[in-house]
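J.: One file is attached below, entry-v1.txt, containing compact mmCIF, C-alpha atoms and all ligand atoms.
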```
# COMPACT_ATOMS: atom_id res chain seq x y z
CA MET A 1 9.01 -9.66 -51.55
CA THR A 2 8.55 -8.79 -47.86
CA VAL A 3 6.27 -11.15 -45.97
CA LYS A 4 3.48 -9.19 -44.19
CA LYS A 5 3.97 -9.61 -40.44
CA GLN A 6 0.97 -10.66 -38.39
CA THR A 7 -0.48 -7.96 -36.15
CA LEU A 8 -1.13 -8.59 -32.44
CA GLY A 9 -4.85 -8.34 -33.05
CA GLU A 10 -4.70 -10.96 -35.82
CA PHE A 11 -2.49 -13.22 -33.68
CA ILE A 12 -4.85 -13.06 -30.69
CA ILE A 13 -7.82 -14.04 -32.84
CA GLU A 14 -5.92 -16.74 -34.75
CA ASN A 15 -4.66 -18.35 -31.54
CA GLN A 16 -7.66 -18.00 -29.28
CA HIS A 17 -8.58 -21.63 -29.98
CA SER A 18 -5.63 -22.65 -27.76
CA PHE A 19 -7.15 -20.77 -24.84
CA LYS A 20 -9.18 -23.14 -22.69
CA TYR A 21 -11.76 -20.58 -21.60
CA SER A 22 -14.15 -18.34 -23.50
CA SER A 23 -11.57 -16.99 -25.87
CA GLY A 24 -13.53 -13.99 -27.04
CA GLU A 25 -13.30 -12.42 -23.59
CA LEU A 26 -9.58 -13.05 -23.24
CA SER A 27 -9.00 -11.63 -26.70
CA SER A 28 -10.88 -8.50 -25.73
CA LEU A 29 -8.97 -8.31 -22.45
CA LEU A 30 -5.62 -8.61 -24.23
CA ASN A 31 -6.75 -5.98 -26.72
CA SER A 32 -7.50 -3.57 -23.88
CA ILE A 33 -3.97 -4.11 -22.56
CA ARG A 34 -2.66 -3.52 -26.08
CA LEU A 35 -4.54 -0.20 -26.24
CA ALA A 36 -3.36 0.97 -22.80
CA ALA A 37 0.23 0.01 -23.67
CA LYS A 38 0.11 2.26 -26.75
CA VAL A 39 -1.26 5.19 -24.76
CA VAL A 40 1.28 4.79 -21.94
CA ASN A 41 4.07 4.35 -24.50
CA HIS A 42 3.13 7.70 -26.02
CA GLU A 43 3.56 9.43 -22.64
CA VAL A 44 6.73 7.49 -21.68
CA ASN A 45 8.33 8.47 -24.99
CA LYS A 46 7.80 12.17 -24.43
CA ALA A 47 8.53 12.21 -20.68
CA GLY A 48 10.73 15.21 -20.03
CA LEU A 49 9.00 17.30 -22.65
CA VAL A 50 5.87 17.60 -20.59
CA ASP A 51 5.33 17.95 -16.89
CA ILE A 52 4.87 14.20 -16.39
CA ILE A 53 8.14 13.11 -14.84
CA GLY A 54 9.25 13.73 -11.35
CA ALA A 55 7.52 12.97 -8.09
CA TYR A 56 3.78 12.97 -7.91
CA GLY A 57 4.12 14.12 -4.34
CA ASP A 58 2.52 10.99 -2.88
CA THR A 59 3.75 7.56 -1.81
CA ASN A 60 2.31 4.16 -2.70
CA ILE A 61 1.64 1.30 -0.29
CA GLN A 62 5.25 0.25 -0.68
CA GLY A 63 6.25 3.59 0.82
CA GLU A 64 7.86 4.50 -2.52
CA ASP A 65 7.53 8.01 -3.94
CA GLN A 66 4.97 7.82 -6.72
CA GLN A 67 6.24 9.26 -10.00
CA LYS A 68 3.72 11.18 -12.08
CA LEU A 69 4.11 8.61 -14.86
CA ASP A 70 3.43 5.79 -12.36
CA VAL A 71 0.11 7.38 -11.52
CA TYR A 72 -0.67 8.13 -15.16
CA ALA A 73 0.07 4.55 -16.26
CA ASN A 74 -1.89 3.12 -13.32
CA ASN A 75 -4.96 5.22 -14.12
CA LYS A 76 -4.77 4.45 -17.85
CA PHE A 77 -4.57 0.67 -17.40
CA ILE A 78 -7.33 0.64 -14.78
CA GLN A 79 -9.56 2.84 -16.97
CA THR A 80 -9.00 0.66 -20.06
CA LEU A 81 -9.42 -2.65 -18.21
CA THR A 82 -12.62 -1.45 -16.56
CA ARG A 83 -14.31 -0.43 -19.81
CA ARG A 84 -14.56 -3.82 -21.52
CA ASN A 85 -16.97 -5.42 -19.04
CA ILE A 86 -14.77 -8.50 -18.72
CA VAL A 87 -12.68 -7.80 -15.61
CA CYS A 88 -14.29 -8.13 -12.16
CA GLY A 89 -11.25 -7.15 -10.10
CA ILE A 90 -7.94 -5.32 -10.44
CA ALA A 91 -4.98 -5.15 -8.04
CA SER A 92 -2.12 -2.77 -8.75
CA GLU A 93 1.24 -2.01 -7.20
CA GLU A 94 0.00 1.59 -7.03
CA GLU A 95 -3.23 0.78 -5.17
CA ASP A 96 -3.40 -0.07 -1.45
CA SER A 97 -6.24 -2.56 -1.96
CA PHE A 98 -7.92 -4.32 -4.86
CA ILE A 99 -10.61 -2.69 -7.00
CA SER A 100 -13.94 -4.47 -7.49
CA ILE A 101 -15.65 -3.89 -10.86
CA ASN A 102 -19.35 -4.61 -11.34
CA SER A 103 -20.73 -5.73 -14.66
CA ILE A 104 -22.75 -3.07 -16.52
CA ASP A 105 -24.83 -5.83 -18.13
CA GLU A 106 -27.02 -7.85 -15.74
CA ASN A 107 -27.02 -10.72 -18.24
CA HIS A 108 -23.22 -10.92 -18.27
CA GLN A 109 -20.91 -11.50 -15.34
CA ASN A 110 -17.24 -10.49 -15.53
CA LYS A 111 -14.93 -13.40 -14.73
CA TYR A 112 -11.33 -12.16 -15.02
CA ILE A 113 -8.95 -10.88 -12.38
CA VAL A 114 -5.97 -8.69 -13.40
CA LEU A 115 -2.94 -7.88 -11.25
CA ILE A 116 -0.61 -5.26 -12.62
CA ASP A 117 2.59 -3.34 -12.04
CA PRO A 118 1.70 -0.42 -14.33
CA LEU A 119 5.18 1.04 -14.57
CA ASP A 120 7.96 -1.10 -13.15
CA GLY A 121 11.36 0.56 -12.79
CA SER A 122 9.81 4.03 -12.92
CA SER A 123 12.72 5.52 -10.97
CA ASN A 124 14.57 5.13 -14.29
CA ILE A 125 12.19 7.47 -16.14
CA ASP A 126 14.02 10.70 -15.34
CA VAL A 127 17.34 9.22 -16.48
CA ASN A 128 15.88 7.88 -19.74
CA VAL A 129 16.33 4.17 -18.96
CA SER A 130 13.82 1.51 -20.06
CA VAL A 131 10.76 0.78 -17.92
CA GLY A 132 7.98 -1.77 -18.22
CA THR A 133 4.42 -2.81 -17.45
CA ILE A 134 3.80 -6.31 -16.03
CA PHE A 135 0.37 -8.00 -15.96
CA SER A 136 -1.07 -11.25 -14.63
CA ILE A 137 -4.53 -12.64 -15.45
CA TYR A 138 -6.65 -15.16 -13.52
CA ARG A 139 -10.22 -16.42 -13.53
CA ARG A 140 -12.10 -15.51 -10.35
CA VAL A 141 -12.59 -18.32 -7.82
CA THR A 142 -15.49 -16.83 -5.80
CA PRO A 143 -19.08 -17.11 -7.07
CA VAL A 144 -19.74 -15.12 -10.24
CA GLY A 145 -22.12 -12.24 -9.65
CA THR A 146 -20.88 -11.49 -6.13
CA PRO A 147 -18.27 -8.83 -5.28
CA VAL A 148 -14.71 -10.14 -5.63
CA GLN A 149 -12.88 -11.21 -2.50
CA LEU A 150 -9.18 -11.13 -1.56
CA GLU A 151 -9.05 -14.88 -2.34
CA ASP A 152 -9.70 -14.08 -5.99
CA PHE A 153 -6.31 -12.33 -5.99
CA LEU A 154 -4.36 -14.64 -3.67
CA GLN A 155 -4.13 -17.45 -6.20
CA LYS A 156 -0.93 -19.41 -6.85
CA GLY A 157 0.99 -18.39 -9.98
CA SER A 158 0.28 -21.82 -11.44
CA GLU A 159 -3.40 -20.74 -11.76
CA GLN A 160 -2.62 -17.86 -14.13
CA VAL A 161 -4.46 -18.03 -17.47
CA ALA A 162 -2.29 -15.36 -19.10
CA ALA A 163 0.63 -13.08 -18.26
CA GLY A 164 2.81 -10.60 -20.07
CA TYR A 165 4.84 -7.44 -20.06
CA VAL A 166 5.37 -4.32 -22.10
CA VAL A 167 8.96 -3.09 -22.33
CA TYR A 168 9.26 0.60 -23.23
CA GLY A 169 12.80 0.39 -24.57
CA THR A 170 14.63 1.33 -27.76
CA SER A 171 11.48 -0.09 -29.27
CA THR A 172 8.27 -0.87 -27.43
CA MET A 173 7.40 -4.56 -27.22
CA LEU A 174 4.50 -6.52 -25.78
CA VAL A 175 5.40 -10.10 -24.79
CA TYR A 176 2.77 -12.48 -23.45
CA THR A 177 1.68 -16.08 -22.90
CA THR A 178 -1.68 -17.80 -22.47
CA GLY A 179 0.04 -21.06 -21.57
CA ASP A 180 0.85 -22.04 -25.13
CA GLY A 181 4.35 -20.58 -25.57
CA VAL A 182 5.62 -16.99 -25.52
CA ASN A 183 5.35 -14.49 -28.39
CA GLY A 184 6.75 -10.97 -28.73
CA PHE A 185 5.22 -8.07 -30.66
CA THR A 186 6.99 -4.84 -31.60
CA LEU A 187 5.10 -1.56 -31.90
CA ASN A 188 5.36 0.40 -35.12
CA PRO A 189 4.80 3.84 -33.56
CA ALA A 190 4.13 5.44 -36.94
CA ILE A 191 0.86 3.52 -37.28
CA GLY A 192 0.29 2.42 -33.68
CA THR A 193 0.28 -1.29 -34.51
CA PHE A 194 2.07 -4.15 -32.75
CA TYR A 195 3.56 -6.73 -35.16
CA LEU A 196 4.71 -10.28 -34.38
CA SER A 197 8.50 -9.85 -34.29
CA HIS A 198 9.61 -12.62 -31.86
CA PRO A 199 7.54 -15.79 -32.44
CA ASN A 200 7.92 -18.68 -29.94
CA MET A 201 10.47 -16.98 -27.64
CA THR A 202 12.65 -19.53 -25.86
CA PHE A 203 15.22 -19.15 -23.09
CA PRO A 204 18.64 -20.61 -24.03
CA GLU A 205 19.22 -23.38 -21.44
CA ASP A 206 22.59 -21.81 -20.65
CA GLY A 207 23.78 -18.22 -20.64
CA ASN A 208 26.72 -16.11 -19.64
CA MET A 209 25.01 -13.06 -18.18
CA TYR A 210 23.97 -12.53 -14.56
CA SER A 211 21.78 -9.66 -13.34
CA VAL A 212 21.90 -8.68 -9.66
CA ASN A 213 22.42 -5.52 -7.61
CA GLU A 214 25.91 -6.40 -6.35
CA GLY A 215 25.76 -3.40 -4.03
CA ASN A 216 23.77 -5.71 -1.73
CA TYR A 217 26.40 -8.50 -1.94
CA LEU A 218 27.35 -8.46 1.76
CA ASP A 219 23.64 -8.88 2.57
CA PHE A 220 23.07 -11.96 0.43
CA PRO A 221 22.65 -15.56 1.68
CA LEU A 222 25.96 -17.51 1.50
CA GLY A 223 24.64 -19.69 -1.35
CA VAL A 224 24.04 -16.57 -3.49
CA LYS A 225 27.48 -15.16 -2.63
CA LYS A 226 29.07 -18.47 -3.66
CA TYR A 227 27.16 -18.43 -6.96
CA ILE A 228 28.21 -14.85 -7.76
CA LYS A 229 31.85 -15.78 -7.13
CA TYR A 230 31.31 -18.85 -9.37
CA CYS A 231 30.10 -16.49 -12.16
CA GLN A 232 33.27 -14.42 -11.74
CA GLU A 233 35.82 -17.30 -11.77
CA GLU A 234 38.13 -17.84 -14.77
CA GLU A 235 37.05 -21.27 -15.96
CA GLY A 236 35.42 -22.61 -19.12
CA ASP A 237 32.93 -20.01 -20.39
CA ARG A 238 33.39 -17.96 -17.20
CA PRO A 239 33.71 -15.23 -16.04
CA TYR A 240 30.16 -14.37 -17.05
CA THR A 241 29.12 -10.82 -17.91
CA SER A 242 27.36 -8.76 -15.25
CA ARG A 243 24.42 -6.80 -16.70
CA TYR A 244 21.95 -5.02 -14.38
CA ILE A 245 19.67 -2.30 -15.75
CA GLY A 246 17.62 -1.85 -12.58
CA SER A 247 14.44 -2.55 -14.53
CA LEU A 248 13.19 -6.14 -14.11
CA VAL A 249 11.38 -6.24 -17.45
CA SER A 250 14.45 -5.05 -19.38
CA ASP A 251 16.88 -7.40 -17.61
CA PHE A 252 14.48 -10.33 -18.00
CA HIS A 253 13.78 -9.56 -21.67
CA ARG A 254 17.49 -9.42 -22.55
CA ASN A 255 18.22 -12.61 -20.60
CA MET A 256 15.37 -14.47 -22.32
CA ILE A 257 16.79 -13.59 -25.74
CA LYS A 258 20.51 -14.04 -25.00
CA GLY A 259 20.49 -16.42 -22.04
CA GLY A 260 21.08 -15.31 -18.46
CA ILE A 261 19.88 -15.22 -14.87
CA TYR A 262 18.18 -12.46 -12.85
CA MET A 263 18.44 -12.48 -9.06
CA TYR A 264 16.79 -10.40 -6.38
CA PRO A 265 17.68 -12.39 -3.23
CA LYS A 266 16.65 -11.58 0.32
CA GLY A 267 18.87 -9.49 2.58
CA SER A 268 18.69 -7.62 5.87
CA ARG A 269 17.11 -4.59 4.18
CA ASN A 270 14.76 -6.83 2.18
CA PRO A 271 14.17 -9.86 4.45
CA ASN A 272 11.73 -11.33 1.89
CA GLY A 273 13.40 -9.87 -1.18
CA LYS A 274 12.12 -6.72 -2.90
CA LEU A 275 9.97 -7.97 -5.79
CA ARG A 276 6.24 -8.56 -5.33
CA LEU A 277 4.96 -12.09 -5.84
CA LEU A 278 1.59 -11.39 -7.43
CA TYR A 279 2.27 -8.72 -10.05
CA GLU A 280 6.00 -9.02 -10.72
CA CYS A 281 7.35 -12.50 -9.92
CA ASN A 282 4.42 -14.75 -10.91
CA PRO A 283 3.76 -13.22 -14.35
CA ILE A 284 7.49 -13.17 -15.19
CA ALA A 285 7.81 -16.75 -13.87
CA PHE A 286 4.87 -17.90 -16.07
CA ILE A 287 6.56 -16.40 -19.13
CA ALA A 288 9.94 -17.87 -18.13
CA GLU A 289 8.56 -21.41 -17.78
CA GLN A 290 6.57 -21.13 -21.01
CA ALA A 291 9.88 -20.16 -22.67
CA ASN A 292 11.69 -23.21 -21.21
CA GLY A 293 13.30 -21.14 -18.44
CA LYS A 294 12.99 -21.57 -14.68
CA SER A 295 11.97 -19.43 -11.66
CA SER A 296 12.17 -19.95 -7.90
CA ASP A 297 13.04 -18.31 -4.60
CA GLY A 298 16.14 -20.50 -4.51
CA TYR A 299 14.21 -23.46 -3.10
CA THR A 300 10.52 -23.32 -4.10
CA ARG A 301 9.15 -22.85 -7.62
CA THR A 302 7.81 -19.28 -7.74
CA MET A 303 4.42 -20.33 -9.14
CA ASP A 304 3.95 -22.85 -6.31
CA VAL A 305 4.24 -20.20 -3.54
CA GLU A 306 0.92 -19.90 -1.69
CA PRO A 307 0.16 -16.14 -1.53
CA THR A 308 -0.82 -14.69 1.86
CA GLU A 309 -1.12 -10.97 1.08
CA LEU A 310 -1.64 -8.71 -1.92
CA HIS A 311 1.74 -6.91 -1.86
CA GLN A 312 3.76 -9.86 -0.58
CA ARG A 313 7.46 -9.89 -1.49
CA VAL A 314 9.52 -13.00 -2.28
CA PRO A 315 13.16 -13.68 -3.14
CA PHE A 316 13.25 -14.05 -6.95
CA ILE A 317 15.61 -16.00 -9.22
CA CYS A 318 14.62 -16.40 -12.87
CA GLY A 319 16.27 -17.25 -16.16
CA SER A 320 18.07 -19.96 -18.15
CA LYS A 321 17.24 -23.34 -16.64
CA ASN A 322 20.82 -24.57 -16.10
CA MET A 323 21.89 -21.26 -14.50
CA VAL A 324 18.94 -21.24 -12.09
CA GLU A 325 19.59 -24.89 -11.17
CA LYS A 326 23.28 -24.12 -10.54
CA LEU A 327 22.31 -21.31 -8.14
CA GLU A 328 19.73 -23.57 -6.45
CA ALA A 329 22.52 -26.16 -5.95
CA PHE A 330 24.68 -23.54 -4.22
CA MET A 331 21.68 -22.50 -2.09
CA GLU A 332 21.09 -26.17 -1.20
CA GLU A 333 24.75 -26.69 -0.24
CA PHE A 334 25.50 -23.39 1.52
CA GLY A 335 22.02 -22.14 2.40
CA GLU A 336 21.61 -18.91 4.28
P1 LIG B 1 17.31 -2.11 -6.79
C1 LIG B 1 12.33 -1.58 -9.91
O1 LIG B 1 12.05 -0.79 -8.75
C2 LIG B 1 12.40 -3.03 -9.46
O2 LIG B 1 11.17 -3.40 -8.93
C3 LIG B 1 12.81 -3.93 -10.61
O3 LIG B 1 12.30 -3.51 -11.83
C4 LIG B 1 14.33 -3.85 -10.56
O4 LIG B 1 14.95 -5.01 -11.08
C5 LIG B 1 14.62 -3.70 -9.06
O5 LIG B 1 13.43 -3.15 -8.47
C6 LIG B 1 15.76 -2.75 -8.80
O6 LIG B 1 15.94 -2.70 -7.40
O7 LIG B 1 17.17 -2.32 -5.30
O8 LIG B 1 18.45 -2.94 -7.37
O9 LIG B 1 17.36 -0.66 -7.21
```
Have the structure of the file written as structure tokens, please.
Ligand code: P6P
T.:
Amino acid sequence: MTVKKQTLGEFIIENQHSFKYSSGELSSLLNSIRLAAKVVNHEVNKAGLVDIIGAYGDTNIQGEDQQKLDVYANNKFIQTLTRRNIVCGIASEEEDSFISINSIDENHQNKYIVLIDPLDGSSNIDVNVSVGTIFSIYRRVTPVGTPVQLEDFLQKGSEQVAAGYVVYGTSTMLVYTTGDGVNGFTLNPAIGTFYLSHPNMTFPEDGNMYSVNEGNYLDFPLGVKKYIKYCQEEEGDRPYTSRYIGSLVSDFHRNMIKGGIYMYPKGSRNPNGKLRLLYECNPIAFIAEQANGKSSDGYTRTMDVEPTELHQRVPFICGSKNMVEKLEAFMEEFGE
């Protein structure tokens, strides 16, 4: 007899008691992300058949060419998040500044802030490689009922109330945490329902996979170079395997299941690293720590970094605890 798997909707309701704020609102917020993920998945899965891949002909604040699917995903998530009268502010990788959302009900004030990378790794779309959505959720810190301020978005990662990602891969999965562990849900596209497929996801403390763009090797701090050479030495369970998809969500997801470390260090072309603190590093770091993994810039815990600007970049190291600590030891000994 097959045991009926719990749906994402059922799971959210059944576990909302563990959420320390008004759970009904968070449940509704997570359900809006679930809906947007299904809609974006539908477009991602048929990219190439319709005129939705390729350059949109514009660039985002990062100076990166916007892909049509980037813009589509951005608009879909913003539209869906705005509708539920729960979110008071949204910041997106695709938007220069944050978006303030007023409540449509004068007796109810929206309290949640969402930061999102709507389609991370989108340069992989036209070569049919996995991409992902990453989201980070906070409570606002400025007075309810007033327009949101930048300080509502510049909160440390340790203040997140929820975070997650959608990986549009061989199957589409939604993985999230509200601070009570990490759970993964797989979409059954035939019926458009996410089912609990990976309960209580946990990073193996050790791993034998490292993910880094070794094309930038000469640019890396000495401590990172020393660690990469350590991964390649013949000793014990080494050499490790090098696996780099070029899509953070996919590399992170694989490493969380099998054990491994992801690195995007700083270099001369990326003096502060490439990944953005608020809508890439902090949500992934929250998930990593909830899954018994670790995340830092090599010295400081990612979720302790005090944000100073919306699209701020930081060096990012994340994965199995013992692998991250080994790299941090090399950074400590050899530094820059
Ligand atoms: P590079 C995608 O653009 C991304 O933000 C991450 O998903 C990915 O890990 C990284 O950048 C890839 O960057 O410089 O190695 O192509």
J.: Using all atoms listed in the file, can you tell me which of A:Ala37, A:Val212, A:Ile13, A:Leu26 comes closest to ligand LIG 1 (chain B)?
T.: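 Result for the nearest residue to ligand LIG 1 (chain B): A:Val212.
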J.: Hey, which of A:Val182, A:Val148, A:Ala73, A:Ile261 ends up closest to ligand LIG 1 (chain B)? Count all atoms listed in the file.
T.: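 Closest to ligand LIG 1 (chain B), using all atoms listed in the file: A:Ile261.
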J.: Between CA of Phe203 in chain A and CA of Ser130 in chain A, measure the distance and give it in Å to one decimal.
T.: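 Computed distance, CA of Phe203 in chain A to CA of Ser130 in chain A, equals 20.9 Å.
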J.: Tell me which protein, DNA and RNA residues are within 6 Å of range 105-122 of chain A, counting all atoms listed in the file, leaving out same-chain ones fewer than 6 positions away, and put them as JSON, numbers by chain.
T.: {"A": [70, 73, 74, 86, 87, 88, 89, 90, 91, 92, 93, 131, 132, 133, 134, 135, 136, 137, 138, 139, 140, 145, 247, 279]}
J.: Using only C-alpha atoms, can you tell me which of A:Ile101, A:Met173, A:Leu196, A:Pro147 comes closest to Phe11 in chain A?
T.: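 Of all the options, A:Leu196 lies closest to Phe11 in chain A.
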J.: Give the residues close to ligand LIG 1 (chain B), within 9 Å, counting all atoms listed in the file; write them as a PyMOL selection string.
T.: chain A and resi 119-124+131-132+211-216+244-252+262-264+274-276+280
J.: Counting only C-alpha atoms, give me one row per residue of range 103-213 of chain A with an atom at most 9 Å from an atom of range 228-234 of chain A, showing the shortest contact pair and its distance in Å to one decimal, sorted by chain then residue number, as a Markdown table.
T.:
```
| residue | atom | partner | partner_atom | distance |
| --- | --- | --- | --- | --- |
| A:Asn208 | CA | A:Cys231 | CA | 8.2 |
| A:Met209 | CA | A:Cys231 | CA | 8.6 |
| A:Tyr210 | CA | A:Cys231 | CA | 7.7 |
```
J.: Would you mind telling me which residue in A:Asn270, A:Glu94, A:Val166, A:Pro143 lies nearest to Leu30 in chain A when using all atoms listed in the file?
T.: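 Smallest distance to Leu30 in chain A is found for A:Val166.
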J.: With 6 Å as the threshold, what does the neighbourhood of (8.5, -16.5, -30.5) contain in terms of residues, counting all atoms listed in the file? Coordinates are those of the file; answer as a PyMOL selection string.
T.: chain A and resi 182-183+198-201
J.: Near Arg34 in chain A, within 12 Å and counting all atoms listed in the file, which residues show up once chain neighbours fewer than 5 positions away are dropped, as a PyMOL selection string?
T.: chain A and resi 7-9+12+27-29+39-41+76-77+80-81+133+135+164-166+172-176+185-187+192-195
J.: Nearest to Thr177 in chain A among A:Asn102, A:Ala163, A:Thr302, A:Pro239, with distances taken over all atoms listed in the file: which residue is it?
T.: A:Ala163
J.: For Tyr168 in chain A, which of A:Lys68, A:Pro271, A:Arg83, A:Glu43 is the closest residue, counting only C-alpha atoms?
T.: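 Looking at the shortest contact to Tyr168 in chain A, the residue is A:Glu43.
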J.: Give as a PyMOL selection string the set of residues within 8 Å of the point (6.0, -12.8, -8.4), where distances use the file's coordinates and only C-alpha atoms.
T.: chain A and resi 157+275-285+302-303+313-314+316
J.: So what do you get for CA of Ile317 in chain A versus CA of Gly298 in chain A, distance-wise?
T.: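 Taking CA of Ile317 in chain A and CA of Gly298 in chain A, their separation equals 6.5 Å.
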J.: Pro221 in chain A: which residues within 10 Å, counting only C-alpha atoms, same-chain residues fewer than 5 positions away excluded, as a ChimeraX atom specification?
T.: /A:226,265-268,331,334-336
J.: So what do you get for CA of Gly223 in chain A versus CA of Ile257 in chain A, distance-wise?
T.: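 Between CA of Gly223 in chain A and CA of Ile257 in chain A the gap works out to 26.3 Å.
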J.: Output requested as an mmCIF file, in the frame of the given file - range 317-324 of chain A, filled out with all heavy atoms.
T.:
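Output below, filename out-v4.cif:
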```cif
data_model
loop_
_atom_site.group_PDB
_atom_site.id
_atom_site.type_symbol
_atom_site.label_atom_id
_atom_site.label_comp_id
_atom_site.auth_asym_id
_atom_site.auth_seq_id
_atom_site.Cartn_x
_atom_site.Cartn_y
_atom_site.Cartn_z
ATOM 1 N N ILE A 317 14.513 -15.578 -8.332
ATOM 2 C CA ILE A 317 15.610 -16.000 -9.220
ATOM 3 C C ILE A 317 14.948 -16.515 -10.490
ATOM 4 O O ILE A 317 14.017 -17.329 -10.414
ATOM 5 C CB ILE A 317 16.426 -17.134 -8.565
ATOM 6 C CG1 ILE A 317 17.139 -16.620 -7.314
ATOM 7 C CG2 ILE A 317 17.423 -17.719 -9.559
ATOM 8 C CD1 ILE A 317 17.530 -17.723 -6.364
ATOM 9 N N CYS A 318 15.371 -16.052 -11.655
ATOM 10 C CA CYS A 318 14.620 -16.400 -12.870
ATOM 11 C C CYS A 318 15.554 -16.314 -14.079
ATOM 12 O O CYS A 318 16.357 -15.380 -14.182
ATOM 13 C CB CYS A 318 13.489 -15.389 -13.021
ATOM 14 S SG CYS A 318 12.407 -15.721 -14.385
ATOM 15 N N GLY A 319 15.461 -17.324 -14.953
ATOM 16 C CA GLY A 319 16.270 -17.250 -16.160
ATOM 17 C C GLY A 319 16.528 -18.602 -16.790
ATOM 18 O O GLY A 319 15.705 -19.522 -16.674
ATOM 19 N N SER A 320 17.691 -18.713 -17.456
ATOM 20 C CA SER A 320 18.070 -19.960 -18.150
ATOM 21 C C SER A 320 18.086 -21.114 -17.147
ATOM 22 O O SER A 320 18.663 -21.000 -16.051
ATOM 23 C CB SER A 320 19.459 -19.790 -18.772
ATOM 24 O OG SER A 320 19.417 -18.831 -19.808
ATOM 25 N N LYS A 321 17.477 -22.218 -17.556
ATOM 26 C CA LYS A 321 17.240 -23.340 -16.640
ATOM 27 C C LYS A 321 18.521 -23.800 -15.931
ATOM 28 O O LYS A 321 18.559 -23.917 -14.704
ATOM 29 C CB LYS A 321 16.632 -24.513 -17.434
ATOM 30 C CG LYS A 321 16.180 -25.681 -16.589
ATOM 31 C CD LYS A 321 15.579 -26.771 -17.446
ATOM 32 C CE LYS A 321 14.243 -26.330 -18.040
ATOM 33 N NZ LYS A 321 13.568 -27.427 -18.776
ATOM 34 N N ASN A 322 19.592 -24.010 -16.696
ATOM 35 C CA ASN A 322 20.820 -24.570 -16.100
ATOM 36 C C ASN A 322 21.485 -23.580 -15.134
ATOM 37 O O ASN A 322 22.106 -23.980 -14.142
ATOM 38 C CB ASN A 322 21.811 -24.980 -17.194
ATOM 39 C CG ASN A 322 21.274 -26.139 -18.030
ATOM 40 O OD1 ASN A 322 20.316 -26.804 -17.617
ATOM 41 N ND2 ASN A 322 21.841 -26.359 -19.197
ATOM 42 N N MET A 323 21.302 -22.273 -15.406
ATOM 43 C CA MET A 323 21.890 -21.260 -14.500
ATOM 44 C C MET A 323 21.101 -21.200 -13.198
ATOM 45 O O MET A 323 21.673 -21.160 -12.107
ATOM 46 C CB MET A 323 21.917 -19.894 -15.185
ATOM 47 C CG MET A 323 22.763 -19.843 -16.438
ATOM 48 S SD MET A 323 22.776 -18.208 -17.215
ATOM 49 C CE MET A 323 24.080 -17.393 -16.263
ATOM 50 N N VAL A 324 19.776 -21.258 -13.303
ATOM 51 C CA VAL A 324 18.940 -21.240 -12.090
ATOM 52 C C VAL A 324 19.225 -22.487 -11.258
ATOM 53 O O VAL A 324 19.390 -22.409 -10.029
ATOM 54 C CB VAL A 324 17.441 -21.149 -12.463
ATOM 55 C CG1 VAL A 324 16.549 -21.332 -11.233
ATOM 56 C CG2 VAL A 324 17.134 -19.806 -13.142
#
```
